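> Below is one structure. I have some questions about it.
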Amino acid sequence: MDDLYLDNIDEFVNDQNKIVTYKWLSLTLGVHVNLAKQMLYHYLDQKRKEGSARLHATYLVSGKFVENGTTSHKVSVVREDQLEDAKSKMSLTVSVHVYSVQKAVLKDSGPLYSADYDAVKENLRNCSRYSAIRCADAVPRSSAEVQQACETTQAPPPETEQIKANHSNLASKPTSKQPKGIMGMFANKNVSKNQDSSKEIKLEQKEVTPVVETSKTKPAPKTNPVTNFFAKQAAKKPDKSIKEEVEIAQTSSSVDEKPTSPPPKAETPVKEELAKDAVVEKDTSKTKRLEHSDSEEEKNESRRKKRRRIKKPEPDSSDDEDSPPQLQEKRDPSPSPEIQVKKEPVAVSHSDELSDCKRRKRRRVLKSRTFVDDEGCIVTEKGYESESYSETEDDFKFSQPTPKNPNPPKPSTGKKEEEKKSKKAAVASNKSTKQASIMGFFQKK
Amino acid sequence: MSDWFVCYVRRCATSTPGNSQISREISKLCSFERTNSFPKVNVHFNKIAFFVTNKRPIKAAMFSEVSAPQEGSCSLLLCRPGSEDQEPSVFDRVKPAYSPCSERFKLGERSFNRQYAHIYATRLMQMSPLLTERAQQKWGADVRIRKLCDLQMGEQCCIVGTLFKHMELQPSILKEISEEHNLLPQPPRTRYISESDELILEDELQRIKLEGNIDVDKFVTGSVIAIYGAEKNDGKFTVDDFCTADLPPQAPRTTLSSDRFVLLLSGLGLGGSHADSMLALQLLVDMVTGHLGDQGEQSGASTISRVLLAGNLLSQSTQDKDASTKAKYLTKKTQAGTVDAMRLLDEMLMQLVSSVPVDVMPGQYDPTNYTLPQQPLHHCMFPLSSSYPTLQLASNPHQATLDGVRILGTSGQNVKDIQKYSSMDSHLEILENTLRLRHLAPTAPDTLGCYPFYLKDPFILEECPHVYFSGNAPSYQAKRITGADGQEVLLVAIPEFSSTQTACLVNLRTLECEPIRFSSFSAGDDEESEMNISH
């Protein structure tokens with residue numbers, strides 16, 4: 001056995017002024033712990049014989065200890081001078097060995113703990129490699145097995161629960177796939193926004209909207225540096241949005257347009273605005289208020305402009321729904337963003353989805369109808385109309401608000417019609433439904 | 001074959017041979033193998049009786065003795081490293097047969113829409129047949145067992161019901177918020193008992209005050225007992241005697257051939273402001289994983305088949321919420337104390353699980369739900385150690401069968417709660433009391449948070465454990481008790497490690513417990529020893 005280790009220990013103790021514990025030595029030199037203890041003893045012995053007695057050592061003593069009639073097993077770390085004393089107190093000494101060797105006298109045993117801490121932390125994976133006990137069961141499972149175990153123990157969380165379970169940053173398997181899926185959707189579909197814009201986002205729940213929007217902010221970091229600020233907060237709620245997104249089979253128009261950032265100015269800023277508003281506020285009520293206050297006018301203007309453009313080619317078939325248009329023009333557009341932010345049931349984009357819908361409900365939606373009145377003026381009126389929608393709608397696109405729907409949608413086919421008619425209006429409508437957010441300041445108009 | 005033999009020895013005038021000499025001679029005669037234990041020899045006046053056995057006597061197998069070095073071998077480690085071909089010894093960890101039985105404490109879907117009254121109803125329903133049986137055993141088979149509504153004045157009978165202790169000092173939210181009383185909120189006290197407490201027995205329909213031969217201080221609300229006495233004129237029931245459900249039936253445990261130990265540990269207190277016990281904790285981990293100690297000790301450590309952490313893994317100081325007391329701008333970026341503490345715990349567990357199976361139970365200050373039964377800590381908090389199959393995240397209370405020995409226990413919240421509402425101080429005494437009441441936590445849900453069960457009360461002990469423990473006691477205590485039907489239970493009050501640096505080792509073969517203490521030196525020791533010398 002070479003005595004090179006003696007030189008090593010010498011270097012550690014004298015040159016580096018380390019406290020060399022047996023465990024640290026065994027991890028550093030890669031030897032069995034018992035060998036490390038013997039090495040330390042040998043080193044100490046040799047140095048003592050040589051006469052350079054500047055070394056101090058601590059010992060580990062363990063044994064049976066009788067105290068007040070109760071016997072206990074006592075394990076203690078003692079200084080060298082206390083060694084004999086400690087041994088004498090024990091009725092049966094089980095083991096004695098060198099615990100550490102260091103240059104300075106240790107008044108307190110605190111440094112002994114910190115001496116080992118770093119070495120142990122680095123070698124956590126194979127901390128039992130040099131120990132004297134092997135456990136056959138203690139074999140780490142592969143990550144696939146671990147995930148399987150986790151999934152079986154986890155009750156399949158319903159959608160809402162996943163939405164609520166926001167806190168863990170660890171993405172569970174399903175959620176981790178989902179962002180990829182969503183990203184994939186975003187990456188693949190750079191189709192014309194017009195097509196996608198026709199898909200309307202369905203906002204199912206209050207909480208969902210901000211969440212959804214936050215998720216959408218995620219894939220489009222490049223749109224703005226400010227986005228990154230919000231992206232962090234958005235990242236906090238991956239689960240919510242992800243689950244919702246997955247159900248959205250189709251990419252939402254706004255989302256798609258985000259990657260193609262410049263063109264859908266209207267949409268993306270609006271969307272982002274909404275999203276960021278949601279993220280920032282984390283409270284839909286507040287968002288609504290903000291949205292109200294912010295850019296009503298600009299929205300209205302753009303909306304009206306686009307509305308007029310769009311309305312001309314479209315036929316005017318307007319089937320009056322159950323509720324007559326109650327709202328007059330004087331009614332603020334402000335309620336509309338509010339409502340749209342909340343949950344406007346938006347038409348389902350695809351016919352496929354119509355057939356797949358599990359639950360259909362009817363909702364009252366604020367829609368605006370444009371028609372030519374007696375005097376030949378084009379009049380736009382807003383009114384609540386009942387519309388059917390499905391809860392399990394995948395499209396999380398944002399509700400295309402009033403400008404997009406010149407015609408009140410019919411219950412079952414209304415959605416389809418809206419989709420077709422409002423393809424062109426998507427941009428405008430998105431912008432108008434989007435609440436103004438701080439992002440508005442950073443957009444070039 | 002073991003027996004006492006007697007032989008007569010001629011007295012020798014000059015010298016009387018000593019005992020050991022005699023035994024040596026005898027053993028030579030009988031050509032025994034020289035073992036550590038000589039045949040016992042008693043020398044009387046003229047005769048010698050010696051006990052001969054060809055069985056090796058079973059030593060009281062304390063851990064120290066199991067780990068003791070073999071006779072004649074000096075400490076291997078206080079010498080130079082041997083030659084190259086000497087392989088360092090590696091021992092295999094013993095593998096016990098383990099099966100967790102705490103499904104009853106796992107909650108699935110939780111609904112808090114129910115009232116708590118259902119627990120009491122089901123508790124009484126489950127326990128009254130047991131109690132009537134006990135009552136008949138104690139006071140005769142012909143004792144009258146009456147419902148409260150059928151009580152006759154002056155008739156000696158037995159009633160079964162749930163106790164309610166009316167305490168003036170018990171904090172009541174109604175009193176606090178009542179404006180009539182104009183009371184300031186009561187400061188928390190260590191004990192809420194007083195002289196004026198009253199015991200009331202409730203059954204399904206009625207309740208009646210108890211007085212007489214019953215010690216009010218020893219009972220807590222929620223215990224189901226049977227009372228023997230009579231109702232007197234003033235409408236109160238005078239107690240002559242009472243009885244509890246006592247220990248449940250116990251399955252016999254398989255006898256083991258070799259010593260196996262279970263290490264019980266609680267109150268690690270990680271993340272606390274005082275890091276006094278960190279070295280002691282590291283010593284414990286090193287000892288259990290086989291780093292520390294001589295070869296004998298390492299081989300002894302390999303007989304530790306399981307480690308059970310009974311709660312309070314994190315320190316109470318991690319619960320302090322700075323966010324509520326300090327200004328938000330100061331605390332915005334600060335992490336909760338539990339984050340670092342959990343990381344420390346994960347690293348420590350990683351060292352343990354790579355060498356020994358571990359059961360981790362949550363405690364009062366751990367990140368899980370507050371109400372009993374506390375659900376297991378979530379595996380995502382243990383990214384490093386949860387990949388090992390040896391890590392078992394358990395609920396509180398926890399029940400498991402290890403090599404045929406049934407182990408049941410809690411992290412101590414039930415015992416501490418009973419301590420607050422009764423005059424009993426010793427954790428062990430309270431533990432025994434709960435076993436005799438056959439209920440883990442009688443004060444739940446009155447003063448101890450509990451989930452609103454309605455189908456059955458999972459805290460009722462249906463089968464008697466062999467080892468019954470509670471964690472986070474102020475000091476180590478252990479006792480063995482025997483039940484009326486021959487049940488044998490080892491009661492262990494596991495001390496808090498952060499203050500006592502003591503853990504418990506239970507020998508599964510003999511059902512004995514031994515404390516194991518870790519200590520280190522500090523600057524104060526020198527001064528102390530000097531003072532002693534000077535005296």
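Following the order of the structure tokens, chains are lettered A, B, ..., residues in each are numbered from 1, and ligands are numbered from 1.
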Output the contact residues of chain A with respect to chain B at a cut-off of 8 Å, based on only C-alpha atoms, as a PyMOL selection string.

chain A and resi 1+23+32-35+37-39+41-42+60-64+71-79+92-98+107-110+112-113+121+124-125+127-128+130-143+146+170

> Restricting it to C-alpha atoms, dump the selection as an mmCIF file, in the first residue's frame.


```
data_model
loop_
_atom_site.group_PDB
_atom_site.id
_atom_site.type_symbol
_atom_site.label_atom_id
_atom_site.label_comp_id
_atom_site.auth_asym_id
_atom_site.auth_seq_id
_atom_site.Cartn_x
_atom_site.Cartn_y
_atom_site.Cartn_z
ATOM 1 C CA MET A 1 0.000 0.000 0.000
ATOM 2 C CA LYS A 23 -15.741 11.007 5.746
ATOM 3 C CA HIS A 32 -13.801 2.832 2.111
ATOM 4 C CA VAL A 33 -14.567 4.698 5.304
ATOM 5 C CA ASN A 34 -12.761 2.229 7.492
ATOM 6 C CA LEU A 35 -9.684 2.599 5.375
ATOM 7 C CA LYS A 37 -10.072 6.055 9.446
ATOM 8 C CA GLN A 38 -7.020 3.874 9.454
ATOM 9 C CA MET A 39 -5.239 6.282 7.166
ATOM 10 C CA TYR A 41 -4.658 7.151 12.413
ATOM 11 C CA HIS A 42 -1.531 6.232 10.555
ATOM 12 C CA LEU A 60 -15.378 9.145 17.996
ATOM 13 C CA VAL A 61 -16.270 7.079 21.028
ATOM 14 C CA SER A 62 -19.384 5.022 21.300
ATOM 15 C CA GLY A 63 -20.605 2.562 23.784
ATOM 16 C CA LYS A 64 -22.984 1.670 26.516
ATOM 17 C CA THR A 71 -28.678 2.384 29.879
ATOM 18 C CA SER A 72 -28.313 4.012 26.581
ATOM 19 C CA HIS A 73 -26.078 3.761 23.625
ATOM 20 C CA LYS A 74 -24.015 6.854 23.432
ATOM 21 C CA VAL A 75 -22.127 8.062 20.405
ATOM 22 C CA SER A 76 -19.969 11.084 20.886
ATOM 23 C CA VAL A 77 -17.259 13.041 19.248
ATOM 24 C CA VAL A 78 -14.611 14.062 21.720
ATOM 25 C CA ARG A 79 -11.364 15.881 21.660
ATOM 26 C CA LEU A 92 -18.867 -0.953 27.457
ATOM 27 C CA THR A 93 -16.901 0.707 24.723
ATOM 28 C CA VAL A 94 -18.030 -0.383 21.336
ATOM 29 C CA SER A 95 -15.907 1.634 19.023
ATOM 30 C CA VAL A 96 -13.193 4.198 19.052
ATOM 31 C CA HIS A 97 -11.671 5.716 15.979
ATOM 32 C CA VAL A 98 -10.230 8.907 14.700
ATOM 33 C CA LYS A 107 -13.158 24.581 20.831
ATOM 34 C CA ASP A 108 -16.463 23.744 19.344
ATOM 35 C CA SER A 109 -17.596 20.867 17.217
ATOM 36 C CA GLY A 110 -19.567 23.072 14.867
ATOM 37 C CA LEU A 112 -16.860 19.472 11.984
ATOM 38 C CA TYR A 113 -20.310 19.557 10.520
ATOM 39 C CA LYS A 121 -23.584 17.559 -0.929
ATOM 40 C CA LEU A 124 -25.082 12.898 -2.711
ATOM 41 C CA ARG A 125 -25.708 10.503 -5.517
ATOM 42 C CA CYS A 127 -22.937 8.801 -0.695
ATOM 43 C CA SER A 128 -23.200 5.190 0.306
ATOM 44 C CA TYR A 130 -17.848 3.986 0.596
ATOM 45 C CA SER A 131 -19.920 3.042 3.551
ATOM 46 C CA ALA A 132 -19.792 -0.278 5.226
ATOM 47 C CA ILE A 133 -23.393 -1.203 4.621
ATOM 48 C CA ARG A 134 -25.076 -2.020 1.381
ATOM 49 C CA CYS A 135 -28.782 -2.083 0.968
ATOM 50 C CA ALA A 136 -30.071 -4.095 -1.915
ATOM 51 C CA ASP A 137 -33.342 -2.200 -2.145
ATOM 52 C CA ALA A 138 -31.809 1.210 -2.347
ATOM 53 C CA VAL A 139 -31.468 1.473 -6.060
ATOM 54 C CA PRO A 140 -32.796 4.687 -7.533
ATOM 55 C CA ARG A 141 -35.606 4.152 -9.911
ATOM 56 C CA SER A 142 -35.364 5.502 -13.394
ATOM 57 C CA SER A 143 -37.300 8.608 -14.093
ATOM 58 C CA VAL A 146 -40.885 7.393 -10.931
ATOM 59 C CA LEU A 170 -42.560 21.094 -11.417
#
```

> Find the residues near region 412-425 of chain B: any atom within 7 Å, counting only C-alpha atoms, skip ones fewer than 2 places away on the same chain, and give them as an mmCIF file with N, CA, C and O atoms, in the first residue's frame.


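As written to disk, selection-v9.cif reads:
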```cif
data_model
loop_
_atom_site.group_PDB
_atom_site.id
_atom_site.type_symbol
_atom_site.label_atom_id
_atom_site.label_comp_id
_atom_site.auth_asym_id
_atom_site.auth_seq_id
_atom_site.Cartn_x
_atom_site.Cartn_y
_atom_site.Cartn_z
ATOM 1 N N THR B 190 -50.875 27.056 28.744
ATOM 2 C CA THR B 190 -50.384 25.698 28.577
ATOM 3 C C THR B 190 -51.415 24.689 29.022
ATOM 4 O O THR B 190 -51.427 23.572 28.557
ATOM 5 N N ARG B 191 -52.256 25.071 29.920
ATOM 6 C CA ARG B 191 -53.250 24.135 30.438
ATOM 7 C C ARG B 191 -54.574 24.833 30.620
ATOM 8 O O ARG B 191 -54.614 25.949 31.095
ATOM 9 N N TYR B 192 -55.613 24.146 30.265
ATOM 10 C CA TYR B 192 -56.925 24.790 30.363
ATOM 11 C C TYR B 192 -57.804 24.168 31.424
ATOM 12 O O TYR B 192 -59.006 24.397 31.452
ATOM 13 N N ILE B 193 -57.240 23.381 32.291
ATOM 14 C CA ILE B 193 -58.083 22.751 33.310
ATOM 15 C C ILE B 193 -58.215 23.682 34.495
ATOM 16 O O ILE B 193 -57.404 24.569 34.717
ATOM 17 N N ASP B 217 -59.958 15.363 36.340
ATOM 18 C CA ASP B 217 -58.770 15.835 35.641
ATOM 19 C C ASP B 217 -58.182 14.811 34.696
ATOM 20 O O ASP B 217 -57.451 15.165 33.787
ATOM 21 N N LYS B 218 -58.484 13.567 34.940
ATOM 22 C CA LYS B 218 -57.811 12.564 34.130
ATOM 23 C C LYS B 218 -58.521 12.296 32.816
ATOM 24 O O LYS B 218 -58.001 11.570 31.977
ATOM 25 N N PHE B 219 -59.697 12.809 32.666
ATOM 26 C CA PHE B 219 -60.452 12.487 31.461
ATOM 27 C C PHE B 219 -60.502 13.671 30.524
ATOM 28 O O PHE B 219 -60.396 14.817 30.929
ATOM 29 N N VAL B 220 -60.691 13.363 29.269
ATOM 30 C CA VAL B 220 -60.819 14.419 28.272
ATOM 31 C C VAL B 220 -62.091 14.186 27.463
ATOM 32 O O VAL B 220 -62.607 13.074 27.397
ATOM 33 N N GLN B 364 -46.501 18.480 13.273
ATOM 34 C CA GLN B 364 -47.258 19.709 13.445
ATOM 35 C C GLN B 364 -46.709 20.844 12.595
ATOM 36 O O GLN B 364 -47.455 21.694 12.133
ATOM 37 N N THR B 410 -48.184 8.167 16.326
ATOM 38 C CA THR B 410 -48.472 9.497 15.795
ATOM 39 C C THR B 410 -47.270 10.392 16.036
ATOM 40 O O THR B 410 -46.308 10.005 16.692
ATOM 41 N N HIS B 427 -45.897 12.131 28.910
ATOM 42 C CA HIS B 427 -46.375 11.680 27.603
ATOM 43 C C HIS B 427 -46.661 10.198 27.591
ATOM 44 O O HIS B 427 -47.584 9.727 26.920
ATOM 45 N N ILE B 430 -50.026 9.492 29.152
ATOM 46 C CA ILE B 430 -51.119 9.839 28.241
ATOM 47 C C ILE B 430 -51.225 8.794 27.138
ATOM 48 O O ILE B 430 -52.313 8.398 26.711
ATOM 49 N N LEU B 431 -50.067 8.323 26.692
ATOM 50 C CA LEU B 431 -50.069 7.326 25.629
ATOM 51 C C LEU B 431 -50.773 6.062 26.096
ATOM 52 O O LEU B 431 -51.596 5.470 25.377
ATOM 53 N N ALA B 441 -57.045 9.519 19.365
ATOM 54 C CA ALA B 441 -57.130 10.961 19.614
ATOM 55 C C ALA B 441 -58.537 11.307 20.074
ATOM 56 O O ALA B 441 -59.347 11.781 19.283
ATOM 57 N N THR B 443 -59.635 13.707 21.810
ATOM 58 C CA THR B 443 -60.005 15.116 21.789
ATOM 59 C C THR B 443 -60.306 15.629 20.386
ATOM 60 O O THR B 443 -60.735 16.763 20.230
ATOM 61 N N LEU B 448 -58.730 19.250 18.875
ATOM 62 C CA LEU B 448 -57.682 18.878 17.939
ATOM 63 C C LEU B 448 -58.307 18.830 16.558
ATOM 64 O O LEU B 448 -59.366 18.240 16.372
ATOM 65 N N SER B 470 -45.387 7.768 20.224
ATOM 66 C CA SER B 470 -45.808 9.123 19.889
ATOM 67 C C SER B 470 -44.546 9.973 19.861
ATOM 68 O O SER B 470 -43.650 9.798 20.690
ATOM 69 N N GLY B 471 -44.483 10.849 18.914
ATOM 70 C CA GLY B 471 -43.256 11.596 18.698
ATOM 71 C C GLY B 471 -43.225 12.908 19.457
ATOM 72 O O GLY B 471 -44.204 13.351 20.044
ATOM 73 N N ASN B 472 -42.074 13.529 19.436
ATOM 74 C CA ASN B 472 -41.891 14.882 19.959
ATOM 75 C C ASN B 472 -42.216 15.005 21.431
ATOM 76 O O ASN B 472 -42.827 15.977 21.876
#
```

> Which residue is closest to Thr447 (chain B)? Choose from B:Arg480, B:His118, B:Lys165, B:Arg104 and count only C-alpha atoms.

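Using only C-alpha atoms, the shortest distance to Thr447 (chain B) belongs to B:Lys165.
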
> Please report the interatomic distance between CA of Val467 (chain B) and CA of Ala97 (chain B) in Å with one decimal.

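That distance, rounded to one decimal, is 16.1 Å.
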
> With distances taken over only C-alpha atoms, which of A:Ser26, A:Ser368, A:Gln443, A:Asn123 is nearest to Glu381 (chain A)?

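Nearest to Glu381 (chain A): A:Ser368.
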
> Give me every strand (DSSP E or B) residue in region 71-161 of chain A, going by DSSP on the backbone, as JSON, numbers by chain.

{"A": [71, 72, 73, 74, 75, 76, 77, 78, 79, 92, 93, 94, 95, 96, 97, 98, 99, 100, 101, 102, 133, 134]}

> Gly483 (chain B): which residues within 10 Å, counting only C-alpha atoms, same-chain residues fewer than 4 positions away excluded, as a PDB file with all heavy atoms, in the first residue's frame?


```pdb
ATOM      1  N   ASP B 246     -60.384  -0.655  27.120  1.00  0.00           N
ATOM      2  CA  ASP B 246     -59.140  -1.389  27.295  1.00  0.00           C
ATOM      3  C   ASP B 246     -58.548  -1.857  25.971  1.00  0.00           C
ATOM      4  O   ASP B 246     -59.061  -1.577  24.901  1.00  0.00           O
ATOM      5  CB  ASP B 246     -59.323  -2.557  28.261  1.00  0.00           C
ATOM      6  CG  ASP B 246     -58.141  -2.645  29.207  1.00  0.00           C
ATOM      7  OD1 ASP B 246     -57.407  -1.635  29.285  1.00  0.00           O
ATOM      8  OD2 ASP B 246     -57.946  -3.678  29.850  1.00  0.00           O
ATOM      9  N   LEU B 247     -57.484  -2.619  26.073  1.00  0.00           N
ATOM     10  CA  LEU B 247     -56.731  -2.931  24.872  1.00  0.00           C
ATOM     11  C   LEU B 247     -57.509  -3.834  23.923  1.00  0.00           C
ATOM     12  O   LEU B 247     -58.174  -4.755  24.345  1.00  0.00           O
ATOM     13  CB  LEU B 247     -55.418  -3.631  25.249  1.00  0.00           C
ATOM     14  CG  LEU B 247     -54.296  -2.702  25.670  1.00  0.00           C
ATOM     15  CD1 LEU B 247     -54.542  -2.132  27.032  1.00  0.00           C
ATOM     16  CD2 LEU B 247     -52.983  -3.451  25.665  1.00  0.00           C
ATOM     17  N   PRO B 248     -57.377  -3.562  22.663  1.00  0.00           N
ATOM     18  CA  PRO B 248     -58.052  -4.421  21.687  1.00  0.00           C
ATOM     19  C   PRO B 248     -57.297  -5.746  21.540  1.00  0.00           C
ATOM     20  O   PRO B 248     -56.180  -5.875  22.045  1.00  0.00           O
ATOM     21  CB  PRO B 248     -57.975  -3.606  20.392  1.00  0.00           C
ATOM     22  CG  PRO B 248     -56.844  -2.688  20.575  1.00  0.00           C
ATOM     23  CD  PRO B 248     -56.720  -2.415  22.046  1.00  0.00           C
ATOM     24  N   PRO B 249     -57.868  -6.692  20.861  1.00  0.00           N
ATOM     25  CA  PRO B 249     -57.175  -7.975  20.688  1.00  0.00           C
ATOM     26  C   PRO B 249     -55.915  -7.799  19.847  1.00  0.00           C
ATOM     27  O   PRO B 249     -55.829  -6.932  18.995  1.00  0.00           O
ATOM     28  CB  PRO B 249     -58.199  -8.853  19.949  1.00  0.00           C
ATOM     29  CG  PRO B 249     -59.155  -7.894  19.352  1.00  0.00           C
ATOM     30  CD  PRO B 249     -59.203  -6.716  20.268  1.00  0.00           C
ATOM     31  N   GLN B 250     -54.971  -8.647  20.145  1.00  0.00           N
ATOM     32  CA  GLN B 250     -53.680  -8.504  19.488  1.00  0.00           C
ATOM     33  C   GLN B 250     -53.348  -9.768  18.728  1.00  0.00           C
ATOM     34  O   GLN B 250     -53.513 -10.865  19.239  1.00  0.00           O
ATOM     35  CB  GLN B 250     -52.615  -8.256  20.554  1.00  0.00           C
ATOM     36  CG  GLN B 250     -51.258  -7.888  19.988  1.00  0.00           C
ATOM     37  CD  GLN B 250     -50.249  -7.665  21.088  1.00  0.00           C
ATOM     38  OE1 GLN B 250     -49.954  -8.566  21.859  1.00  0.00           O
ATOM     39  NE2 GLN B 250     -49.732  -6.460  21.162  1.00  0.00           N
ATOM     40  N   ARG B 436     -55.650   2.533  26.457  1.00  0.00           N
ATOM     41  CA  ARG B 436     -56.711   1.907  27.250  1.00  0.00           C
ATOM     42  C   ARG B 436     -58.078   2.403  26.838  1.00  0.00           C
ATOM     43  O   ARG B 436     -59.061   1.697  26.972  1.00  0.00           O
ATOM     44  CB  ARG B 436     -56.474   2.175  28.735  1.00  0.00           C
ATOM     45  CG  ARG B 436     -55.220   1.514  29.212  1.00  0.00           C
ATOM     46  CD  ARG B 436     -55.347   0.922  30.592  1.00  0.00           C
ATOM     47  NE  ARG B 436     -54.075   0.377  31.008  1.00  0.00           N
ATOM     48  CZ  ARG B 436     -53.731  -0.916  30.905  1.00  0.00           C
ATOM     49  NH1 ARG B 436     -54.567  -1.779  30.409  1.00  0.00           N
ATOM     50  NH2 ARG B 436     -52.536  -1.316  31.288  1.00  0.00           N
ATOM     51  N   CYS B 464     -54.564  -4.412  18.436  1.00  0.00           N
ATOM     52  CA  CYS B 464     -53.565  -3.872  19.349  1.00  0.00           C
ATOM     53  C   CYS B 464     -52.191  -3.903  18.694  1.00  0.00           C
ATOM     54  O   CYS B 464     -51.755  -4.940  18.198  1.00  0.00           O
ATOM     55  CB  CYS B 464     -53.548  -4.704  20.625  1.00  0.00           C
ATOM     56  SG  CYS B 464     -52.580  -3.957  21.909  1.00  0.00           S
ATOM     57  N   GLN B 487     -52.127  -9.202  25.960  1.00  0.00           N
ATOM     58  CA  GLN B 487     -51.442  -8.415  24.925  1.00  0.00           C
ATOM     59  C   GLN B 487     -50.204  -7.771  25.528  1.00  0.00           C
ATOM     60  O   GLN B 487     -50.216  -7.348  26.680  1.00  0.00           O
ATOM     61  CB  GLN B 487     -52.345  -7.284  24.404  1.00  0.00           C
ATOM     62  CG  GLN B 487     -53.652  -7.730  23.830  1.00  0.00           C
ATOM     63  CD  GLN B 487     -54.774  -7.530  24.818  1.00  0.00           C
ATOM     64  OE1 GLN B 487     -54.559  -7.645  26.014  1.00  0.00           O
ATOM     65  NE2 GLN B 487     -55.943  -7.222  24.299  1.00  0.00           N
ATOM     66  N   GLU B 488     -49.180  -7.670  24.717  1.00  0.00           N
ATOM     67  CA  GLU B 488     -47.964  -7.018  25.184  1.00  0.00           C
ATOM     68  C   GLU B 488     -47.655  -5.869  24.259  1.00  0.00           C
ATOM     69  O   GLU B 488     -47.534  -6.071  23.048  1.00  0.00           O
ATOM     70  CB  GLU B 488     -46.794  -7.990  25.154  1.00  0.00           C
ATOM     71  CG  GLU B 488     -46.802  -8.926  26.318  1.00  0.00           C
ATOM     72  CD  GLU B 488     -45.429  -9.541  26.533  1.00  0.00           C
ATOM     73  OE1 GLU B 488     -44.514  -9.263  25.728  1.00  0.00           O
ATOM     74  OE2 GLU B 488     -45.296 -10.297  27.482  1.00  0.00           O
ATOM     75  N   VAL B 489     -47.556  -4.716  24.857  1.00  0.00           N
ATOM     76  CA  VAL B 489     -47.308  -3.540  24.026  1.00  0.00           C
ATOM     77  C   VAL B 489     -46.102  -2.803  24.576  1.00  0.00           C
ATOM     78  O   VAL B 489     -45.963  -2.645  25.789  1.00  0.00           O
ATOM     79  CB  VAL B 489     -48.513  -2.579  24.034  1.00  0.00           C
ATOM     80  CG1 VAL B 489     -48.328  -1.504  23.002  1.00  0.00           C
ATOM     81  CG2 VAL B 489     -49.800  -3.335  23.798  1.00  0.00           C
TER      82      VAL B 489
END
```

> Using CA of Lys175 (chain B) and CA of Gln319 (chain B) as the two end points, give the distance in Å to one decimal.

27.8 Å

> Write out as a PyMOL selection string each polymer residue whose atoms come within 6 Å of region 237-241 of chain B, counting only C-alpha atoms; drop sequence neighbours fewer than 6 positions from it.

chain B and resi 210-213+228-231

> Can you pull out the residues contacting Gln316 (chain B)? Cut-off 9 Å, using only C-alpha atoms, and skip same-chain residues under 2 positions away; I want them as a list in words.

Gly269, Leu270, Gly271, Gly272, Asn312, Leu314, Thr318, Gln319, Asp320, Gln364, Tyr365 and Asp366 of chain B

> Give me the residues within 7 Å of region 225-227 of chain B as JSON, numbers by chain, counting only C-alpha atoms and dropping any in the same chain fewer than 3 places off.

{"B": [131, 135, 158, 159, 160, 161, 162, 239, 241, 242, 243, 244, 245]}

> Give me a file of those residues, with N, CA and C atoms, as a CSV table (one decimal), in the first residue's frame.


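Done, and the output landed in result-v1.csv:
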```csv
chain,number,residue,atom,x,y,z
B,131,LEU,N,-67.9,-1.7,24.8
B,131,LEU,CA,-68.0,-1.2,26.2
B,131,LEU,C,-69.0,-2.1,27.0
B,135,ALA,N,-68.2,-4.0,30.3
B,135,ALA,CA,-68.9,-3.7,31.5
B,135,ALA,C,-69.4,-5.0,32.1
B,158,CYS,N,-75.6,0.7,34.6
B,158,CYS,CA,-74.4,1.0,33.9
B,158,CYS,C,-74.8,1.8,32.7
B,159,ILE,N,-74.1,2.9,32.4
B,159,ILE,CA,-74.5,3.7,31.2
B,159,ILE,C,-73.2,3.8,30.4
B,160,VAL,N,-73.4,3.9,29.1
B,160,VAL,CA,-72.3,3.9,28.2
B,160,VAL,C,-72.5,5.2,27.4
B,161,GLY,N,-71.4,6.0,27.2
B,161,GLY,CA,-71.6,7.2,26.4
B,161,GLY,C,-70.2,7.9,26.2
B,162,THR,N,-70.3,9.0,25.6
B,162,THR,CA,-69.1,9.8,25.3
B,162,THR,C,-69.0,10.9,26.4
B,239,VAL,N,-71.3,8.4,40.4
B,239,VAL,CA,-70.4,7.3,39.8
B,239,VAL,C,-69.8,6.5,40.9
B,241,ASP,N,-68.1,3.5,39.8
B,241,ASP,CA,-67.0,2.9,39.1
B,241,ASP,C,-67.1,3.1,37.6
B,242,PHE,N,-66.0,3.0,36.9
B,242,PHE,CA,-66.1,3.2,35.5
B,242,PHE,C,-65.1,2.2,34.8
B,243,CYS,N,-65.3,2.0,33.6
B,243,CYS,CA,-64.4,1.2,32.9
B,243,CYS,C,-64.2,1.7,31.4
B,244,THR,N,-63.1,1.4,30.9
B,244,THR,CA,-62.8,1.9,29.5
B,244,THR,C,-62.7,0.6,28.7
B,245,ALA,N,-62.6,0.9,27.4
B,245,ALA,CA,-62.7,-0.3,26.5
B,245,ALA,C,-61.4,-1.2,26.5
```
